[in-house]
Amino acid sequence: MRINKWIIVAVLLAWSIGVGAQRTGVREEVRSDWNKSSGLDCVYDFSPKAATPAPKGYEVFYISHYGRHGSRYAYTAKAYTVLLDMMKESAAKGNLTPYGEEIFAKLEAFWKAHEHEVGDLTPLGWEQHQRIPEQMVKAFPKAFGKGSRIDACSSAAVRSIMSMASEVAAFSRIAPKARIFAHQGVLDIQATRPNLGPNPFRYKGPTLAFPYGESSADFFLRKMPRYKDVLARLFKDPDAALVTRNPYDVFFNLYMFVGGMNSLPEDVRFDVKGIFSVEEFATMWEVDNYARFVEYFKYRTPCCSIIDDIIAKADERIASGERGADLRFGHDHVMMALMMLLDLDDFGHFPEDPDDLAYWFQTFRSPMGTNFQLVFFTPKRGNGDVLVKLLHNGEEARLGQLPSVQGPYYKWTDVREYLKDRTAPYVTR
């Protein structure tokens with residue numbers, strides 16, 4: 001009994017001081033795991049996660065969710081066509097290596113068959129969004145019983161709409177007593193993809209100084225000075241293949257092409273792991289990780305509208321006592337901006353040295369189908385504080401250094417104030 005008590009004390013202490021937020025072994029992680037090396041094309045991990053029991057006398061009544069679409073074909077044709085165009089030119093000049101000829105034949109056939117599916121959800125993506133609701137209902141059945149309501153909205157991207165459709169279909173099957181409403185329109189943009197350029201409601205904020213002086217292209221050249229070694233596996237003369245192309249642009253798309261094979265149907269994908277060595281692919285993960293940070297850093301301001309939506313809808317549910325869930329479907333760039341805003345497990349921490357960024361900010365933490373859930377608990381009897389637990393891909397997570405009540409459980413009043421404080425520096429009200 002004494003041992004168990006000390007285990008509980010250790011867990012609570014870890015939550016209070018944020019032990020393990022810095023992933024000091026991240027480079028070893030990606031070197032040993034091709035899936036993680038694939039970054040944003042990492043495939044969702046459905047393995048069982050530890051769950052801390054709710055405080056005595058509490059039960060779930062509501063879940064507030066934001067999720068990325070599931071596995072898809074590459075979101076841009078360039079992930080395929082940049083390499084394909086180089087290979088077509090080189091084939092005409094006899095500049096392909098035997099391995100290059102093999103990849104060219106497979107890529108050319110692939111593109112002819114699938115060029116009109118760029119950005120589309122794959123069967124794996126549909127399956128991911130079938131399984132996520134199954135885990136939610138299994139873990140929190142009381143939120144989805146008689147009288148509950150599930151409201152789902154999506155960005156305008158078809159892959160997000162189809163991801164929402166998959167989850168709605170799953171909920172209809174496994175939570176038949178819940179009322180379900182799914183929708184997509186201009187009025188949903190602030191809750192799903194507020195950083196979209198044409199957004200008429202886009203939040204404005206102060207100009208935020210980027211913490212690093214190095215461009216993504218310069219970061220690539222510093223980390224991959226021998227990038228021609230990669231091209232030499234495909235082309236006899238790498239310089240003749242590049243011609244006037246920007247090496248960083250080529251490798252940005254080449255990395256997406258290779259990593260994106262994870263998401264394709266098994267009868268469609270083909271082996272491209274010989275293009276990069278394990279070390280090179282892990283280095284390319286770090287290059288892409290930095291590039292995504294450069295891009296997503298500025299999305300914190302518009303994405304504050306999602307935080308406001310979370311607060312407003314949670315307050316409505318608490319006031320009415322209505323059970324159920326609010327589900328929002330969008331994209332990785334929104335998800336990672338939100339993770340920065342939440343400071344989810346110190347995701348909003350930016351070290352002084354850009355080479356240390358990988359210890360805190362990791363794209364593989366936003367895999368295909370990634371989601372976070374704010375799970376709300378109320379006392380079963382009588383009055384009491386509403387408590388909230390944060391789950392990230394089914395795993396309990398921290399809200400920065402916000403003190404919890406017990407383990408991963410926070411007071412909603414504290415979380416509400418915390419969220420308002422987190423968004424305040426980024427929005428001109």
# chains A, B, ... in the order shown; residues from 1 in each chain; ligands from 1
$ residues_around --residues "Ala113 of chain A" --least-positions-apart "5" --cutoff "12 Å" --atoms "only C-alpha atoms" --output "list in words"
Lys106, Leu107, Glu108, Val118, Val268 and Arg269 of chain A
$ closest_residue --among "A:Leu124, A:Leu264, A:Val375, A:Ala191" --to "Ile306 of chain A" --atoms "only C-alpha atoms"
A:Ala191
$ atom_distance --atom1 "atom CA of Asp414 of chain A" --atom2 "atom CA of Pro48 of chain A"
29.1 Å
$ closest_residue --among "A:Glu395, A:Leu327, A:Ala232, A:Leu96" --to "Ser47 of chain A" --atoms "only C-alpha atoms"
A:Glu395
$ select_by_dssp --residues "segment 135-307 of chain A" --states "helix (DSSP H, G or I)" --output "count of residues only"
98
$ closest_residue --among "A:Phe376, A:Tyr410, A:Trp126, A:Phe270" --to "His65 of chain A" --atoms "only C-alpha atoms"
A:Phe376
$ residues_around --residues "segment 25-39 of chain A" --least-positions-apart "4" --cutoff "6 Å" --atoms "only C-alpha atoms" --output "PDB file with all heavy atoms, in the first residue's frame"
ATOM      1  N   GLY A 259       7.843  10.408 -47.466  1.00  0.00           N
ATOM      2  CA  GLY A 259       7.084  10.233 -46.232  1.00  0.00           C
ATOM      3  C   GLY A 259       5.626   9.928 -46.479  1.00  0.00           C
ATOM      4  O   GLY A 259       4.986   9.198 -45.707  1.00  0.00           O
ATOM      5  N   ALA A 282      16.142  11.148 -41.410  1.00  0.00           N
ATOM      6  CA  ALA A 282      15.976  11.758 -40.090  1.00  0.00           C
ATOM      7  C   ALA A 282      16.404  13.227 -40.118  1.00  0.00           C
ATOM      8  O   ALA A 282      15.775  14.085 -39.488  1.00  0.00           O
ATOM      9  CB  ALA A 282      16.785  10.992 -39.046  1.00  0.00           C
ATOM     10  N   TRP A 285      13.758  15.151 -41.734  1.00  0.00           N
ATOM     11  CA  TRP A 285      12.674  15.428 -40.783  1.00  0.00           C
ATOM     12  C   TRP A 285      12.972  16.724 -40.029  1.00  0.00           C
ATOM     13  O   TRP A 285      12.102  17.581 -39.880  1.00  0.00           O
ATOM     14  CB  TRP A 285      12.493  14.292 -39.762  1.00  0.00           C
ATOM     15  CG  TRP A 285      11.609  14.765 -38.643  1.00  0.00           C
ATOM     16  CD1 TRP A 285      10.245  14.871 -38.668  1.00  0.00           C
ATOM     17  CD2 TRP A 285      12.021  15.309 -37.391  1.00  0.00           C
ATOM     18  NE1 TRP A 285       9.780  15.443 -37.505  1.00  0.00           N
ATOM     19  CE2 TRP A 285      10.850  15.717 -36.702  1.00  0.00           C
ATOM     20  CE3 TRP A 285      13.260  15.497 -36.765  1.00  0.00           C
ATOM     21  CZ2 TRP A 285      10.888  16.293 -35.426  1.00  0.00           C
ATOM     22  CZ3 TRP A 285      13.298  16.070 -35.496  1.00  0.00           C
ATOM     23  CH2 TRP A 285      12.131  16.464 -34.845  1.00  0.00           C
ATOM     24  N   THR A 363       6.911  17.766 -35.513  1.00  0.00           N
ATOM     25  CA  THR A 363       5.784  17.578 -36.419  1.00  0.00           C
ATOM     26  C   THR A 363       5.131  16.207 -36.265  1.00  0.00           C
ATOM     27  O   THR A 363       3.928  16.066 -36.507  1.00  0.00           O
ATOM     28  CB  THR A 363       6.221  17.749 -37.886  1.00  0.00           C
ATOM     29  OG1 THR A 363       7.374  16.925 -38.135  1.00  0.00           O
ATOM     30  CG2 THR A 363       6.548  19.195 -38.191  1.00  0.00           C
ATOM     31  N   PHE A 364       5.890  15.197 -35.855  1.00  0.00           N
ATOM     32  CA  PHE A 364       5.294  13.866 -35.739  1.00  0.00           C
ATOM     33  C   PHE A 364       4.273  13.807 -34.606  1.00  0.00           C
ATOM     34  O   PHE A 364       3.532  12.824 -34.483  1.00  0.00           O
ATOM     35  CB  PHE A 364       6.357  12.771 -35.583  1.00  0.00           C
ATOM     36  CG  PHE A 364       7.258  12.889 -34.373  1.00  0.00           C
ATOM     37  CD1 PHE A 364       6.792  12.628 -33.096  1.00  0.00           C
ATOM     38  CD2 PHE A 364       8.590  13.239 -34.526  1.00  0.00           C
ATOM     39  CE1 PHE A 364       7.634  12.715 -31.986  1.00  0.00           C
ATOM     40  CE2 PHE A 364       9.447  13.334 -33.427  1.00  0.00           C
ATOM     41  CZ  PHE A 364       8.956  13.075 -32.160  1.00  0.00           C
TER      42      PHE A 364
END
$ residues_around --residues "Ala169 of chain A" --least-positions-apart "3" --cutoff "10 Å" --atoms "only C-alpha atoms" --output "list in words"
His129, Gln130, Pro133, Ser163, Met164, Ala165, Ser166, Ser172, Arg173, Ile174, Ala175 and Ile180 of chain A
$ residues_around --residues "segment 351-353 of chain A" --least-positions-apart "2" --cutoff "12 Å" --atoms "only C-alpha atoms" --output "number ranges by chain"
A: 22, 210-214, 290, 346-349, 355-361
